[in-house]
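Note: the block below is run.cif and it holds mmCIF, C-alpha atoms.
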```cif
data_start
#
loop_
_atom_site.label_atom_id
_atom_site.label_comp_id
_atom_site.auth_asym_id
_atom_site.auth_seq_id
_atom_site.Cartn_x
_atom_site.Cartn_y
_atom_site.Cartn_z
CA MET A 1 -36.68 -50.90 -43.23
CA GLU A 2 -38.74 -50.50 -46.41
CA ASN A 3 -41.13 -47.74 -47.41
CA TYR A 4 -44.46 -48.20 -49.16
CA ILE A 5 -47.50 -46.13 -50.11
CA ILE A 6 -51.07 -47.01 -49.20
CA GLN A 7 -53.95 -44.94 -50.54
CA ASN A 8 -56.39 -43.22 -48.18
CA GLY A 9 -59.28 -45.52 -49.07
CA SER A 10 -57.16 -48.64 -48.61
CA LEU A 11 -56.39 -47.93 -44.98
CA GLU A 12 -59.87 -49.04 -43.94
CA ASN A 13 -59.44 -52.15 -46.10
CA LEU A 14 -56.26 -52.97 -44.20
CA PHE A 15 -58.05 -52.54 -40.89
CA ASP A 16 -60.90 -54.79 -42.01
CA ALA A 17 -58.42 -57.45 -43.16
CA LEU A 18 -56.72 -57.45 -39.75
CA VAL A 19 -60.08 -57.81 -37.99
CA ALA A 20 -61.04 -60.65 -40.35
CA GLY A 21 -57.75 -62.33 -39.45
CA GLY A 22 -58.89 -62.61 -35.84
CA LYS A 23 -56.78 -59.82 -34.36
CA THR A 24 -57.97 -57.85 -31.33
CA MET A 25 -57.88 -54.21 -32.41
CA ILE A 26 -57.03 -51.56 -29.80
CA ALA A 27 -57.28 -47.99 -31.08
CA PRO A 28 -58.09 -44.40 -30.01
CA ARG A 29 -61.81 -43.81 -29.67
CA LEU A 30 -64.05 -41.14 -28.22
CA LYS A 31 -65.49 -42.07 -24.83
CA ASN A 32 -67.21 -39.66 -22.42
CA GLY A 33 -65.71 -36.68 -24.20
CA LYS A 34 -62.12 -37.98 -24.15
CA ILE A 35 -59.96 -39.84 -26.64
CA LEU A 36 -59.01 -43.12 -24.96
CA PHE A 37 -57.60 -46.43 -26.15
CA GLY A 38 -60.07 -49.27 -26.26
CA LYS A 39 -61.20 -52.28 -28.25
CA VAL A 40 -62.78 -51.42 -31.61
CA GLU A 41 -64.44 -53.62 -34.21
CA SER A 42 -64.99 -51.18 -37.06
CA PHE A 43 -62.87 -48.48 -38.67
CA SER A 44 -65.59 -45.89 -38.05
CA GLU A 45 -65.07 -46.20 -34.29
CA ILE A 46 -61.49 -44.90 -34.51
CA SER A 47 -60.76 -41.27 -33.64
CA GLN A 48 -58.15 -39.77 -35.94
CA ASP A 49 -58.29 -35.99 -35.45
CA PHE A 50 -56.43 -35.53 -32.17
CA ILE A 51 -53.02 -34.41 -30.97
CA GLN A 52 -52.73 -36.90 -28.13
CA THR A 53 -54.97 -39.35 -26.32
CA ALA A 54 -55.86 -38.68 -22.69
CA GLN A 55 -54.41 -42.03 -21.57
CA SER A 56 -51.32 -43.74 -22.94
CA ALA A 57 -51.25 -47.10 -24.70
CA LYS A 58 -49.11 -48.83 -22.06
CA GLU A 59 -52.12 -50.77 -20.75
CA ALA A 60 -51.71 -53.10 -23.72
CA PHE A 61 -48.46 -54.32 -22.15
CA PHE A 62 -48.83 -53.29 -18.51
CA PRO A 63 -52.52 -53.29 -17.43
CA ARG A 64 -53.48 -51.10 -14.50
CA THR A 65 -54.51 -54.27 -12.64
CA GLU A 66 -53.50 -57.76 -13.69
CA LYS A 67 -53.46 -61.21 -12.17
CA LEU A 68 -50.01 -62.68 -11.49
CA PHE A 69 -51.25 -65.98 -10.07
CA GLY A 70 -54.03 -67.55 -8.02
CA TYR A 71 -53.65 -69.71 -4.93
CA THR A 72 -55.61 -72.16 -2.85
CA CYS A 73 -54.76 -72.83 0.78
CA SER A 74 -55.48 -76.10 2.53
CA LYS A 75 -54.43 -77.51 5.86
CA ASN A 76 -51.21 -79.02 4.57
CA LYS A 77 -50.24 -77.07 1.46
CA ILE A 78 -50.68 -74.07 -0.82
CA VAL A 79 -51.39 -74.71 -4.49
CA LEU A 80 -50.43 -72.00 -6.99
CA GLU A 81 -52.32 -71.42 -10.23
CA ASP A 82 -50.10 -69.61 -12.71
CA VAL A 83 -51.41 -67.29 -15.41
CA ASP A 84 -50.99 -68.85 -18.84
CA PRO A 85 -49.42 -66.19 -21.09
CA GLU A 86 -50.40 -68.24 -24.13
CA MET A 87 -54.00 -67.26 -23.46
CA PHE A 88 -53.27 -63.60 -24.24
CA PRO A 89 -54.88 -62.57 -27.55
CA GLU A 90 -53.01 -61.40 -30.64
CA VAL A 91 -53.39 -57.61 -30.47
CA ILE A 92 -52.96 -54.85 -33.04
CA LEU A 93 -52.28 -51.54 -31.30
CA TRP A 94 -53.50 -49.16 -33.99
CA GLY A 95 -53.20 -45.39 -34.22
CA ILE A 96 -50.74 -44.60 -31.44
CA ARG A 97 -48.35 -41.67 -31.69
CA PRO A 98 -44.56 -42.13 -32.00
CA CYS A 99 -44.03 -40.96 -28.40
CA ASP A 100 -46.22 -43.84 -27.18
CA ALA A 101 -44.48 -46.37 -29.41
CA LYS A 102 -41.11 -45.14 -28.13
CA SER A 103 -42.20 -45.83 -24.54
CA LEU A 104 -41.82 -49.54 -25.27
CA VAL A 105 -38.05 -49.03 -25.07
CA PRO A 106 -37.92 -47.97 -21.39
CA LEU A 107 -40.73 -50.38 -20.46
CA LYS A 108 -38.79 -53.33 -21.90
CA LYS A 109 -35.72 -52.24 -19.95
CA ILE A 110 -37.66 -51.92 -16.69
CA PHE A 111 -39.41 -55.28 -16.95
CA ASN A 112 -36.19 -57.06 -17.94
CA TRP A 113 -33.81 -55.27 -15.58
CA ASP A 114 -32.69 -58.42 -13.76
CA THR A 115 -35.17 -61.27 -14.32
CA GLY A 116 -37.36 -61.06 -17.41
CA ASP A 117 -41.05 -60.56 -16.65
CA GLN A 118 -42.76 -63.42 -18.48
CA ILE A 119 -46.23 -61.86 -18.48
CA PHE A 120 -45.06 -58.47 -19.78
CA ASN A 121 -42.78 -60.00 -22.40
CA ARG A 122 -45.50 -62.29 -23.72
CA ARG A 123 -47.90 -59.37 -24.08
CA VAL A 124 -45.25 -57.50 -26.07
CA GLU A 125 -44.60 -60.53 -28.28
CA LYS A 126 -48.30 -60.86 -29.10
CA THR A 127 -48.82 -57.14 -29.84
CA THR A 128 -48.13 -55.43 -33.16
CA VAL A 129 -47.68 -51.66 -32.98
CA ILE A 130 -49.05 -49.62 -35.89
CA SER A 131 -48.37 -45.96 -35.21
CA PHE A 132 -49.20 -42.71 -37.02
CA SER A 133 -46.87 -39.71 -37.30
CA CYS A 134 -47.94 -36.35 -35.89
CA GLN A 135 -49.06 -33.55 -38.19
CA GLN A 136 -50.09 -31.37 -35.25
CA SER A 137 -48.64 -30.52 -31.85
CA ASP A 138 -49.43 -28.24 -28.93
CA GLU A 139 -47.51 -26.35 -26.26
CA PHE A 140 -47.15 -29.50 -24.14
CA CYS A 141 -45.37 -31.61 -26.78
CA PHE A 142 -41.59 -31.94 -26.37
CA CYS A 143 -40.73 -35.25 -28.01
CA THR A 144 -37.76 -33.73 -29.87
CA SER A 145 -36.22 -32.74 -26.52
CA ALA A 146 -36.72 -36.30 -25.24
CA GLY A 147 -34.82 -38.00 -28.06
CA GLY A 148 -37.78 -38.65 -30.33
CA GLY A 149 -39.78 -36.77 -32.89
CA PRO A 150 -43.18 -36.51 -34.60
CA GLY A 151 -42.07 -39.13 -37.13
CA SER A 152 -39.89 -41.29 -34.90
CA THR A 153 -39.96 -44.99 -35.78
CA GLU A 154 -38.63 -46.39 -32.49
CA GLY A 155 -40.94 -49.03 -31.00
CA SER A 156 -43.22 -49.26 -34.05
CA ASP A 157 -43.73 -52.24 -36.34
CA ILE A 158 -45.32 -50.04 -39.01
CA LEU A 159 -45.38 -46.24 -39.03
CA PHE A 160 -47.89 -44.43 -41.25
CA THR A 161 -47.38 -40.81 -42.27
CA VAL A 162 -50.07 -38.79 -44.06
CA MET A 163 -48.57 -37.56 -47.36
CA GLY A 164 -51.10 -34.87 -48.24
CA THR A 165 -53.56 -36.19 -50.82
CA ASP A 166 -51.19 -38.97 -51.88
CA GLY A 167 -52.25 -41.35 -49.15
CA TYR A 168 -49.92 -42.60 -46.43
CA MET A 169 -46.29 -43.56 -46.45
CA ALA A 170 -45.89 -46.87 -44.61
CA GLU A 171 -42.51 -47.56 -43.04
CA VAL A 172 -42.26 -51.31 -42.42
CA LEU A 173 -39.90 -51.64 -39.49
CA SER A 174 -39.99 -55.19 -38.15
CA GLU A 175 -40.80 -58.78 -38.98
CA LYS A 176 -44.28 -58.26 -37.51
CA GLY A 177 -44.79 -55.34 -39.85
CA LYS A 178 -43.52 -57.34 -42.82
CA GLN A 179 -45.99 -60.14 -42.09
CA ILE A 180 -48.86 -57.65 -42.30
CA LEU A 181 -47.43 -56.26 -45.53
CA ASP A 182 -47.05 -59.73 -47.07
CA LEU A 183 -50.62 -60.73 -46.17
CA ASN A 184 -52.04 -57.50 -47.63
CA SER A 185 -49.55 -56.77 -50.40
CA GLY A 186 -52.29 -55.75 -52.83
CA LEU A 187 -53.00 -52.65 -50.74
CA PHE A 188 -49.43 -51.36 -50.84
CA SER A 189 -47.13 -50.04 -53.56
CA LYS A 190 -43.39 -49.43 -53.25
CA ALA A 191 -42.53 -45.82 -52.41
CA GLU A 192 -40.15 -43.89 -54.64
CA SER A 193 -36.65 -43.64 -53.20
CA HIS A 194 -36.91 -39.83 -52.97
CA THR A 195 -40.16 -39.90 -50.96
CA ASN A 196 -39.67 -37.70 -47.88
CA LYS A 197 -42.11 -37.47 -45.00
CA ASP A 198 -40.44 -34.59 -43.14
CA GLN A 199 -42.49 -31.82 -44.78
CA PHE A 200 -45.69 -33.46 -43.50
CA LEU A 201 -44.63 -33.65 -39.85
CA ALA A 202 -45.42 -31.24 -37.03
CA ALA A 203 -42.68 -28.72 -36.26
CA ILE A 204 -41.65 -29.30 -32.63
CA PRO A 205 -38.59 -27.29 -31.57
CA VAL A 206 -35.99 -28.68 -29.18
CA ARG A 207 -36.51 -26.86 -25.86
CA PHE A 208 -33.79 -28.40 -23.68
CA SER A 209 -30.97 -30.95 -23.73
CA ARG A 210 -31.87 -34.07 -21.77
CA GLU A 211 -28.16 -34.95 -21.55
CA GLU A 212 -27.40 -31.57 -19.99
CA VAL A 213 -30.32 -31.90 -17.58
CA SER A 214 -29.11 -35.39 -16.61
CA LYS A 215 -25.61 -34.09 -15.83
CA LYS A 216 -26.95 -31.25 -13.69
CA LEU A 217 -29.31 -33.48 -11.72
CA ALA A 218 -26.35 -35.43 -10.32
CA SER A 219 -25.49 -32.48 -8.08
CA TYR A 220 -29.03 -31.23 -7.44
CA PHE A 221 -30.21 -33.76 -4.88
CA ASP A 222 -30.26 -31.21 -2.02
CA SER A 223 -31.24 -28.26 -4.19
CA GLY A 224 -34.03 -25.91 -3.18
CA ILE A 225 -35.40 -26.14 -6.71
CA TRP A 226 -37.50 -29.19 -5.77
CA GLU A 227 -39.48 -27.33 -3.13
CA ASN A 228 -40.11 -24.43 -5.50
CA GLN A 229 -41.29 -26.74 -8.27
CA SER A 230 -43.53 -28.87 -6.04
CA LEU A 231 -45.39 -26.14 -4.15
CA ARG A 232 -48.61 -26.82 -6.07
CA CYS A 233 -48.28 -30.61 -6.26
CA MET A 234 -51.14 -32.48 -4.56
CA GLY A 235 -49.60 -35.94 -4.94
CA CYS A 236 -52.65 -37.16 -6.87
CA GLY A 237 -50.66 -39.46 -9.18
CA ALA A 238 -52.42 -38.31 -12.37
CA CYS A 239 -49.07 -37.65 -14.05
CA ALA A 240 -47.88 -41.22 -13.44
CA PHE A 241 -51.13 -42.85 -14.51
CA VAL A 242 -51.24 -41.08 -17.90
CA CYS A 243 -47.49 -41.47 -18.52
CA PRO A 244 -46.58 -44.07 -21.18
CA SER A 245 -43.32 -45.04 -19.46
CA CYS A 246 -44.09 -44.91 -15.71
CA ALA A 247 -44.01 -48.46 -14.39
CA CYS A 248 -44.28 -48.24 -10.59
CA PHE A 249 -46.57 -50.96 -9.25
CA ASP A 250 -47.83 -52.46 -6.03
CA ILE A 251 -48.50 -56.13 -5.28
CA GLN A 252 -51.75 -56.94 -3.48
CA ASP A 253 -53.55 -60.14 -2.48
CA GLU A 254 -57.31 -60.50 -2.68
CA SER A 255 -58.59 -63.51 -0.77
CA HIS A 256 -62.00 -65.16 -0.40
CA GLY A 257 -62.03 -67.98 2.09
CA ASN A 258 -59.19 -70.35 1.26
CA ARG A 259 -58.71 -68.98 -2.28
CA GLY A 260 -57.01 -65.84 -3.43
CA THR A 261 -55.40 -63.90 -6.24
CA ARG A 262 -52.15 -61.97 -6.31
CA LEU A 263 -52.49 -58.78 -8.35
CA ARG A 264 -50.10 -56.25 -9.80
CA CYS A 265 -51.57 -52.74 -9.67
CA TRP A 266 -50.35 -49.37 -10.88
CA ASP A 267 -48.73 -47.21 -8.22
CA SER A 268 -46.89 -43.88 -8.19
CA CYS A 269 -43.77 -42.54 -6.48
CA GLY A 270 -45.76 -39.33 -6.03
CA PHE A 271 -48.10 -40.96 -3.49
CA SER A 272 -47.35 -40.17 0.14
CA LEU A 273 -47.51 -43.84 1.16
CA PHE A 274 -45.32 -45.14 -1.67
CA THR A 275 -42.21 -45.31 0.53
CA GLN A 276 -43.94 -45.66 3.90
CA HIS A 277 -42.13 -48.26 6.06
CA THR A 278 -43.93 -50.65 8.39
CA SER A 279 -42.24 -48.80 11.26
CA GLY A 280 -44.00 -45.61 10.22
CA HIS A 281 -40.84 -43.96 8.92
CA ASN A 282 -41.10 -42.41 5.45
CA PRO A 283 -37.81 -41.49 3.74
CA ARG A 284 -39.76 -39.25 1.36
CA GLU A 285 -42.09 -37.55 3.76
CA LYS A 286 -42.37 -34.29 1.80
CA GLN A 287 -43.95 -33.77 -1.59
CA SER A 288 -40.81 -31.99 -2.77
CA GLN A 289 -38.84 -35.20 -2.16
CA ARG A 290 -41.36 -37.19 -4.16
CA TRP A 291 -41.27 -34.71 -7.04
CA ARG A 292 -37.46 -34.88 -6.96
CA GLN A 293 -37.67 -38.68 -7.19
CA ARG A 294 -39.92 -38.48 -10.23
CA LEU A 295 -37.54 -36.29 -12.24
CA LEU A 296 -34.33 -37.96 -11.08
CA HIS A 297 -35.76 -41.39 -11.83
CA LYS A 298 -36.60 -40.43 -15.41
CA PHE A 299 -33.59 -38.27 -16.24
CA ALA A 300 -30.77 -39.50 -13.98
CA TYR A 301 -31.32 -42.95 -12.45
CA MET A 302 -32.70 -44.70 -15.54
CA PRO A 303 -30.01 -43.37 -17.91
CA GLU A 304 -27.35 -44.43 -15.39
CA ARG A 305 -28.73 -47.91 -14.62
CA LEU A 306 -30.59 -48.88 -17.79
CA SER A 307 -29.03 -46.64 -20.47
CA VAL A 308 -32.44 -45.25 -21.37
CA TYR A 309 -34.48 -42.19 -20.38
CA GLY A 310 -37.85 -42.57 -18.70
CA CYS A 311 -39.66 -39.81 -20.59
CA THR A 312 -40.78 -39.65 -24.23
CA GLY A 313 -41.99 -36.03 -24.22
CA CYS A 314 -45.66 -36.79 -24.84
CA GLY A 315 -46.75 -33.98 -22.48
CA ARG A 316 -49.66 -35.93 -20.98
CA CYS A 317 -48.54 -35.29 -17.41
CA SER A 318 -48.81 -31.53 -17.91
CA ARG A 319 -52.16 -31.79 -19.71
CA ALA A 320 -53.61 -33.98 -16.95
CA CYS A 321 -52.27 -32.08 -13.94
CA PRO A 322 -55.16 -30.50 -12.01
CA VAL A 323 -52.91 -27.70 -10.70
CA ASP A 324 -51.12 -26.93 -13.98
CA MET A 325 -47.66 -28.23 -13.12
CA ASN A 326 -45.69 -28.32 -16.36
CA ILE A 327 -42.78 -30.75 -16.56
CA LEU A 328 -41.40 -29.07 -19.69
CA GLN A 329 -41.08 -25.73 -17.89
CA HIS A 330 -39.45 -27.46 -14.93
CA LEU A 331 -36.89 -29.23 -17.12
CA ILE A 332 -36.06 -26.00 -18.93
CA SER A 333 -35.59 -24.23 -15.57
CA ILE A 334 -33.22 -27.00 -14.39
CA GLN A 335 -31.13 -26.57 -17.55
CA GLU A 336 -31.05 -22.79 -17.15
CA VAL A 337 -30.22 -22.59 -13.43
CA ASP A 338 -26.54 -21.76 -12.81
CA HIS A 339 -26.06 -23.69 -9.57
CA ALA A 340 -27.85 -25.98 -7.13
#
```

For this file, write the structure as structure tokens.
Amino acid sequence: MENYIIQNGSLENLFDALVAGGKTMIAPRLKNGKILFGKVESFSEISQDFIQTAQSAKEAFFPRTEKLFGYTCSKNKIVLEDVDPEMFPEVILWGIRPCDAKSLVPLKKIFNWDTGDQIFNRRVEKTTVISFSCQQSDEFCFCTSAGGGPGSTEGSDILFTVMGTDGYMAEVLSEKGKQILDLNSGLFSKAESHTNKDQFLAAIPVRFSREEVSKKLASYFDSGIWENQSLRCMGCGACAFVCPSCACFDIQDESHGNRGTRLRCWDSCGFSLFTQHTSGHNPREKQSQRWRQRLLHKFAYMPERLSVYGCTGCGRCSRACPVDMNILQHLISIQEVDHA
């Protein structure tokens, strides 16, 4: 890892150079009153004054609906038409927060648990992540409790941190990041060895220990805490759809005559039909059981099976919840409870 300085006015020059190089730029932008990720072609389109975007950046790697393959049926055979991952564009994911960049770690684990997912992995390979540290936070942010921080470098290729009036510190963290540096070396200068970004980062206190929560959850499966926490839950799935690390999906076929497409679509373990069997039996028939699954999956099952937690502490789920369920408060209450 090497640290550099880029002046405020040169940041737009870097953006323009990446666009001129044929990269597809995905960045936060204002749309219908919300900050959402989308394709941008000019630096002026990018929103910069925000704490967190309404949606996460995971769609760059895991679209809400994507084609897995097409098929054609005839009398004697079925012909499959695979998606060509080489057709995916080279993407620069610009302006994401460290908690979004960090979500790449659990997503990579999920999509490579047993057999590597070729489509997901190719999207990751063709995407460069340029993130920006957080100078602000709100009551929903808890990245420091989830193993990250407002200046965390995990998952990023380059991390920019605003250094007051002295421009940005650029931490070059990967070969992808170094390639951008080498192609635009005139815009960067080497940072002094004593340069420290910490004073420019948001102060986000640690509110709970995820390791302690994980240990307690092992004995909380039949606890009454799940019913108490889920009393307001409507099972709408908003928390899963805005989460940067939720990766539940459904497989559906759309057919027209003798041709069809197999699609992968976002799903949520909070939906009442997520575990519905063909027989009609549902092993998670109550919302409290589905809420339990959500927290155990992120803080117990994933650490046990994949050695990674399924939450980055971005706080989107609490911001998006229409009935004001707050996952941070629930995790703190689990840590504080004396027994199941």

Contacts between range 313-333 of chain A and range 88-149 of chain A, please, where a residue of range 88-149 of chain A counts if it comes within 10 Å (with only C-alpha atoms); show its shortest atom pair and distance in Å to one decimal, rows by chain and ascending number, as a Markdown table.
```
| residue | atom | partner | partner_atom | distance |
| --- | --- | --- | --- | --- |
| A:Arg97 | CA | A:Cys314 | CA | 8.8 |
| A:Pro98 | CA | A:Cys314 | CA | 9.0 |
| A:Cys99 | CA | A:Cys314 | CA | 5.7 |
| A:Asp100 | CA | A:Cys314 | CA | 7.4 |
| A:Lys102 | CA | A:Gly313 | CA | 10.0 |
| A:Ser103 | CA | A:Cys314 | CA | 9.7 |
| A:Ser137 | CA | A:Cys314 | CA | 9.9 |
| A:Asp138 | CA | A:Gly315 | CA | 9.0 |
| A:Glu139 | CA | A:Gly315 | CA | 8.5 |
| A:Phe140 | CA | A:Gly315 | CA | 4.8 |
| A:Cys141 | CA | A:Gly315 | CA | 5.1 |
| A:Phe142 | CA | A:Gly313 | CA | 4.6 |
| A:Cys143 | CA | A:Gly313 | CA | 4.1 |
| A:Thr144 | CA | A:Gly313 | CA | 7.4 |
| A:Ser145 | CA | A:Gly313 | CA | 7.0 |
| A:Ala146 | CA | A:Gly313 | CA | 5.4 |
| A:Gly147 | CA | A:Gly313 | CA | 8.4 |
| A:Gly148 | CA | A:Gly313 | CA | 7.9 |
| A:Gly149 | CA | A:Gly313 | CA | 9.0 |
```

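Across the model, the gap from CA of Arg290 in chain A to CA of Gly116 in chain A is 27.6 Å.
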
Which of these residues is nearest to Lys216 in chain A, using all atoms listed in the file: A:Leu68, A:Leu296, A:Cys246, A:Met1?
-> A:Leu296

Given the PyMOL selection byres ((chain A and resi 263) around 9), the residues it picks as number ranges by chain | A: 65-70, 250-254, 261-262, 264-265

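When the PyMOL selection byres ((chain A and resi 16-26) around 8) is evaluated against the file, it yields Glu12, Asn13, Leu14, Phe15, Ala27, Pro28, Phe37, Gly38, Lys39, Val40, Glu41, Ser42, Phe43, Pro89, Glu90, Val91, Ile92, Leu93, Trp94 and Asn184 of chain A.
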
Assuming 4 Å of padding per side, give the centre and edge lengths of the axis-aligned box around every listed atom of range 119-135 of chain A, in Å to one decimal and as JSON.
```
{"center_x": -46.0, "center_y": -47.9, "center_z": -28.3, "size_x": 14.4, "size_y": 36.7, "size_z": 27.7}
```

Could you give me, as an MDAnalysis selection string, the residues within 12 Å of Ser307 in chain A, counting all atoms listed in the file and dropping anything in the same chain fewer than 4 positions from it?
-> chainID A and resid 105:106 108:110 113 211 214 298:303

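A straight line drawn from CA of Ser268 in chain A to CA of Phe62 in chain A is 14.1 Å long.
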
Write out as a ChimeraX atom specification which residues come within 10 Å of Glu212 in chain A when counting only C-alpha atoms, dropping same-chain ones fewer than 3 positions away.
-> /A:208-209,215-217,299,334-336

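With distances taken over all atoms listed in the file, A:Ile158 is the one residue among A:Ile6, A:Ile158, A:Ala247, A:Leu201 lying closest to Ser174 in chain A.
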
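CA of Ser56 in chain A is found 15.3 Å from CA of Thr127 in chain A.
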
Given the PyMOL selection byres ((chain A and resi 135) around 7), the residues it picks as a compact mmCIF listing (two decimals) with C-alpha atoms, in the coordinates of the input:
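So the final result, stored in out-v7.txt, reads:
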```txt
# COMPACT_ATOMS: atom_id res chain seq x y z
CA SER A 133 -46.87 -39.71 -37.30
CA CYS A 134 -47.94 -36.35 -35.89
CA GLN A 136 -50.09 -31.37 -35.25
CA PHE A 200 -45.69 -33.46 -43.50
CA LEU A 201 -44.63 -33.65 -39.85
CA ALA A 202 -45.42 -31.24 -37.03
```

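If you measure from each of A:Val124, A:Ala218, A:Leu231, A:Ile78 to Arg259 in chain A using only C-alpha atoms, the closest one turns out to be A:Ile78.
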
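Considering all atoms listed in the file, the residue among A:Lys286, A:Arg294, A:His277, A:Lys197 positioned nearest to Gly237 in chain A is A:Arg294.
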
Selected residue of minimal separation from Thr312 in chain A among A:Ser245, A:Thr275, A:Ser219, A:Thr161, counting all atoms listed in the file = A:Ser245
